[in-house]
Amino acid sequence: MSEAQSFPTGGPFGDLMRDLARLLSDQGPVNWEVARQLALWTASEGKSEPNPEPLARMRTEELLRVADMYVAEATGLPTSRRGWLALRCVTRAEWASATLVAWKDVLSTLAAAMGTGTGTAAAATPGSNPMESLLGNLPQVIGPLMLGAQAGAMVGNLANRAFGQYDIPMPAPRDDELLAVPTTVAAFAAEWGLDPDDVRMYVCLRDAAYHCVLTRPHVGEAFQAHLLAYAGAFHLDQGALEDRLAGLDPTDPASFQESLGDPDALLGELQSDEQRRLLVPFRALLAALCGYVDHVVDGVGQRLVGSYSLVSEALRRRRIDDGPGQRALGKMLGVELDQQTVDRGHAFVGGVIERSGEQGLARLWESQATMPTPAEIDAPGLWLARLEVQD
C-alpha cells in the first residue's frame with residue numbers, strides 16, 4: 001500500500017481499519033467491536049469526557065428519591081421490583097456502552113432476521129495486506145460490519161442527546177438502576193435558561209414513571225414481545241442493499257465512514273410489510289405509555305418543579321425534534337415517539353379522564369386484559385365500555 005493510501009489517523013474508522021484483520025477474525029452476525037468503537041467515538045465526538053461532577057451526581061440522587069416517592073403515590077404502583085430505585089451517573093460514552101450491551105439481544109434478533117451470516121473471516125497471515133483479507137471475505141464481512149456500524153452510529157447519536165434512562169421507551173433494566181447523564185442535563189438547562197434542578201427533577205419524574213409501568217410484568221413482557229417481533233420481521237432486500245453500498249470502496253477506509261457511519265444510511269427504506277403490520281399494535285402500546293407517563297409527570301411536576309411549564313415545553317419540543325439516533329431507532333426497532341403517537345396517547349388519556357376520572361385511568365395497567373387495543377387508543381370510550389363488560 002502506498003504512502004498516499006495509508007489509513008487516516010483521525011476518526012473511528014481510521015482506528016478500526018488499521019487493524020481490520022483482527023476486527024474480522026471473530027465476527028458473528030453483528031460486528032460488536034465496530035459497534036462499540038463507533039458508538040463511543042460518536043457519543044464523545046472523539047474527545048475525552050470528564051467524569052460527572054460529584055455535586056451534580058448527589059443532587060440527582062436526592063431528586064430521584066423524591067420523584068420515586070411521588071410517582072408511587074400518583075400511580076398507586078410500585079416503582080421498582082426490589083422496592084427502591086438506584087441511580088448511576090455516567091458520561092455520554094458510558095451511556096452508549098451500557099445501552100449497546102442492554103440492547104444486544106434485540107440487535108442480535110435483528111441480525112438473525114436479516115441473515116447477515118455467521119461466517120468467520122480468515123485471519124491475515126503475518127505480513128499480508130489486511131485489505132486483501134477483507135476483499136477475499138467481503139460477502140461474509142459486509143453484513144455484520146454493516147449492522148455493527150448502524151448499531152454503533154445509532155446508539156452513539158442517541159447518547160449525544162440522552163438525559164437519562166428513558167429518553168426513548170425501552171425495556172426496563174433488570175437491576176432497577178437508572179442511568180443519568182448530568183453534563184447533558186446541565187448543558188440543556190444553560191441553553192434554555194432553566195434551573196438545572198428543575199430539569200433534573202423533570203427527568204427523574206419521567207424516568208421513574210416509565211420504570212414504574214415497564215416493570216409491571218405483563219407490560220414488560222408485551223413490550224419485549226413487540227420489540228423482538230418487529231426486529232425479527234426485518235427482511236433484507238439484497239438489491240436495495242447493493243444500491244446503498246454502490247459507493248463503498250474496500251480499499252478506501254473513508255468510504256466506510258461515509259457509507260456506514262450514518263445511522264439512516266442503509267436501513268431507512270428497508271421496512272418490510274410484516275413490520276408495518278406489527279407496528280399497529282406496537283404504536284398503540286407506545287401511545288398508551290407516553291400518554292400515561294406525561295399525565296403522571298404533569299400532575300406531580302406542577303407541584304414539585306417551580307418552572308414546570310417552561311421545562312415541560314422545552315423538553316417536549318426536544319422530544320419531537322428528534323435526531324438521527326431516534327430516527328434510526330424507529331426504523332430499526334420500531335420504537336419512535338413521533339408527534340402522531342404522542343398526540344394519540346394524550347387524546348386517549350384525556351378521553352379516559354373526561355369520562356371516568358383518575359379512577360378509570362388507574363385500571364390501564366392492571367393486567368394484560370385491561371391494556372387498550374389499537375382501536376381503543378383512538379376511542380377511549382370503547383376501552384372503558386369493554387372494561388365494564390369484563391367486570
# chains A, B, ... in the order shown; residues from 1 in each chain; ligands from 1
>>> closest_atom_pairs(of="range 144-226 of chain A", to="range 350-374 of chain A", cutoff="12 Å", atoms="only C-alpha atoms", output="CSV")
residue,atom,partner,partner_atom,distance
A:Cys212,CA,A:Trp365,CA,10.3
A:Val213,CA,A:Trp365,CA,7.4
A:Leu214,CA,A:Trp365,CA,9.7
A:Thr215,CA,A:Trp365,CA,10.8
A:Arg216,CA,A:Trp365,CA,7.8
A:Pro217,CA,A:Ser367,CA,9.0
A:His218,CA,A:Gln368,CA,5.8
A:Val219,CA,A:Gln368,CA,7.2
A:Gly220,CA,A:Gln368,CA,10.4
A:Glu221,CA,A:Gln368,CA,9.6
A:Ala222,CA,A:Gln368,CA,8.2
A:Phe223,CA,A:Gln368,CA,11.3
>>> closest_atom_pairs(of="range 331-377 of chain A", to="range 277-296 of chain A", cutoff="6 Å", atoms="only C-alpha atoms", output="CSV")
residue,atom,partner,partner_atom,distance
A:Thr341,CA,A:Ala287,CA,5.2
A:Val342,CA,A:Ala287,CA,5.9
A:Arg344,CA,A:Ala287,CA,5.9
A:Gly345,CA,A:Gly291,CA,4.0
A:His346,CA,A:Gly291,CA,4.5
A:Val349,CA,A:Gly291,CA,6.0
A:Pro374,CA,A:Ala284,CA,5.0
>>> write_last_selection(atoms="N, CA and C atoms", output="short mmCIF file (atom, residue, chain, number, x, y, z; two decimals), in the first residue's frame")
data_model
loop_
_atom_site.label_atom_id
_atom_site.label_comp_id
_atom_site.auth_asym_id
_atom_site.auth_seq_id
_atom_site.Cartn_x
_atom_site.Cartn_y
_atom_site.Cartn_z
N THR A 341 -47.91 9.71 17.44
CA THR A 341 -48.00 8.77 18.56
C THR A 341 -48.23 9.51 19.87
N VAL A 342 -47.51 10.61 20.06
CA VAL A 342 -47.67 11.41 21.28
C VAL A 342 -49.10 11.96 21.36
N ARG A 344 -51.82 10.81 19.97
CA ARG A 344 -52.78 9.72 20.21
C ARG A 344 -52.81 9.37 21.70
N GLY A 345 -51.63 9.29 22.30
CA GLY A 345 -51.57 8.94 23.71
C GLY A 345 -52.23 9.98 24.60
N HIS A 346 -51.96 11.26 24.30
CA HIS A 346 -52.57 12.33 25.10
C HIS A 346 -54.08 12.34 24.93
N VAL A 349 -55.63 9.37 26.98
CA VAL A 349 -55.67 9.62 28.43
C VAL A 349 -56.67 10.72 28.75
N PRO A 374 -55.38 -1.24 19.58
CA PRO A 374 -55.18 -0.07 18.70
C PRO A 374 -56.46 0.71 18.44
#
>>> closest_atom_pairs(of="range 176-249 of chain A", to="range 324-338 of chain A", cutoff="9 Å", atoms="only C-alpha atoms", output="JSON lines")
{"residue": "A:His226", "atom": "CA", "partner": "A:Gly334", "partner_atom": "CA", "distance": 8.7}
{"residue": "A:Leu227", "atom": "CA", "partner": "A:Leu333", "partner_atom": "CA", "distance": 6.4}
{"residue": "A:Leu228", "atom": "CA", "partner": "A:Leu333", "partner_atom": "CA", "distance": 8.2}
{"residue": "A:Tyr230", "atom": "CA", "partner": "A:Leu333", "partner_atom": "CA", "distance": 6.4}
{"residue": "A:Ala231", "atom": "CA", "partner": "A:Leu333", "partner_atom": "CA", "distance": 5.6}
{"residue": "A:Phe234", "atom": "CA", "partner": "A:Met332", "partner_atom": "CA", "distance": 8.3}
>>> residues_around(residues="Leu145 in chain A", least_positions_apart="4", cutoff="8 Å", atoms="only C-alpha atoms", output="ChimeraX atom specification")
/A:30-31,34,141,149
>>> residues_around(residues="range 98-105 of chain A", least_positions_apart="4", cutoff="8 Å", atoms="only C-alpha atoms", output="PDB file with C-alpha atoms, in the first residue's frame")
ATOM      1  CA  ARG A  36     -18.694  -0.437  20.345  1.00  0.00           C
ATOM      2  CA  GLU A  94     -20.587   5.343  29.201  1.00  0.00           C
ATOM      3  CA  THR A 109     -32.514 -10.839  16.714  1.00  0.00           C
ATOM      4  CA  ALA A 151     -25.981  -0.059  15.708  1.00  0.00           C
ATOM      5  CA  GLY A 152     -22.939   1.903  16.856  1.00  0.00           C
ATOM      6  CA  VAL A 155     -26.544   4.355  19.906  1.00  0.00           C
ATOM      7  CA  PRO A 173     -33.079  -2.582  33.340  1.00  0.00           C
TER       8      PRO A 173
END
>>> residues_around(residues="range 60-77 of chain A", least_positions_apart="4", cutoff="6 Å", atoms="only C-alpha atoms", output="list in words")
Met201, Cys204, Leu205 and Ala208 of chain A
>>> select_by_dssp(residues="range 24-230 of chain A", states="strand (DSSP E)", output="VMD selection string")
chain A and resid 86 to 89 177 to 180
>>> write_last_selection(atoms="C-alpha atoms", output="PDB file, in the first residue's frame")
ATOM      1  CA  ALA A  86     -30.810   3.273  42.150  1.00  0.00           C
ATOM      2  CA  LEU A  87     -29.014   5.817  40.005  1.00  0.00           C
ATOM      3  CA  ARG A  88     -25.775   5.668  38.017  1.00  0.00           C
ATOM      4  CA  CYS A  89     -24.496   8.968  36.654  1.00  0.00           C
ATOM      5  CA  GLU A 177     -30.571   1.098  38.280  1.00  0.00           C
ATOM      6  CA  LEU A 178     -31.364   4.106  36.112  1.00  0.00           C
ATOM      7  CA  LEU A 179     -28.747   5.899  34.014  1.00  0.00           C
ATOM      8  CA  ALA A 180     -28.403   9.689  34.113  1.00  0.00           C
TER       9      ALA A 180
END
>>> atom_distance(atom1="CA of Tyr308 in chain A", atom2="CA of Val199 in chain A")
8.7 Å
>>> atom_distance(atom1="CA of Ala189 in chain A", atom2="CA of Lys47 in chain A")
22.2 Å
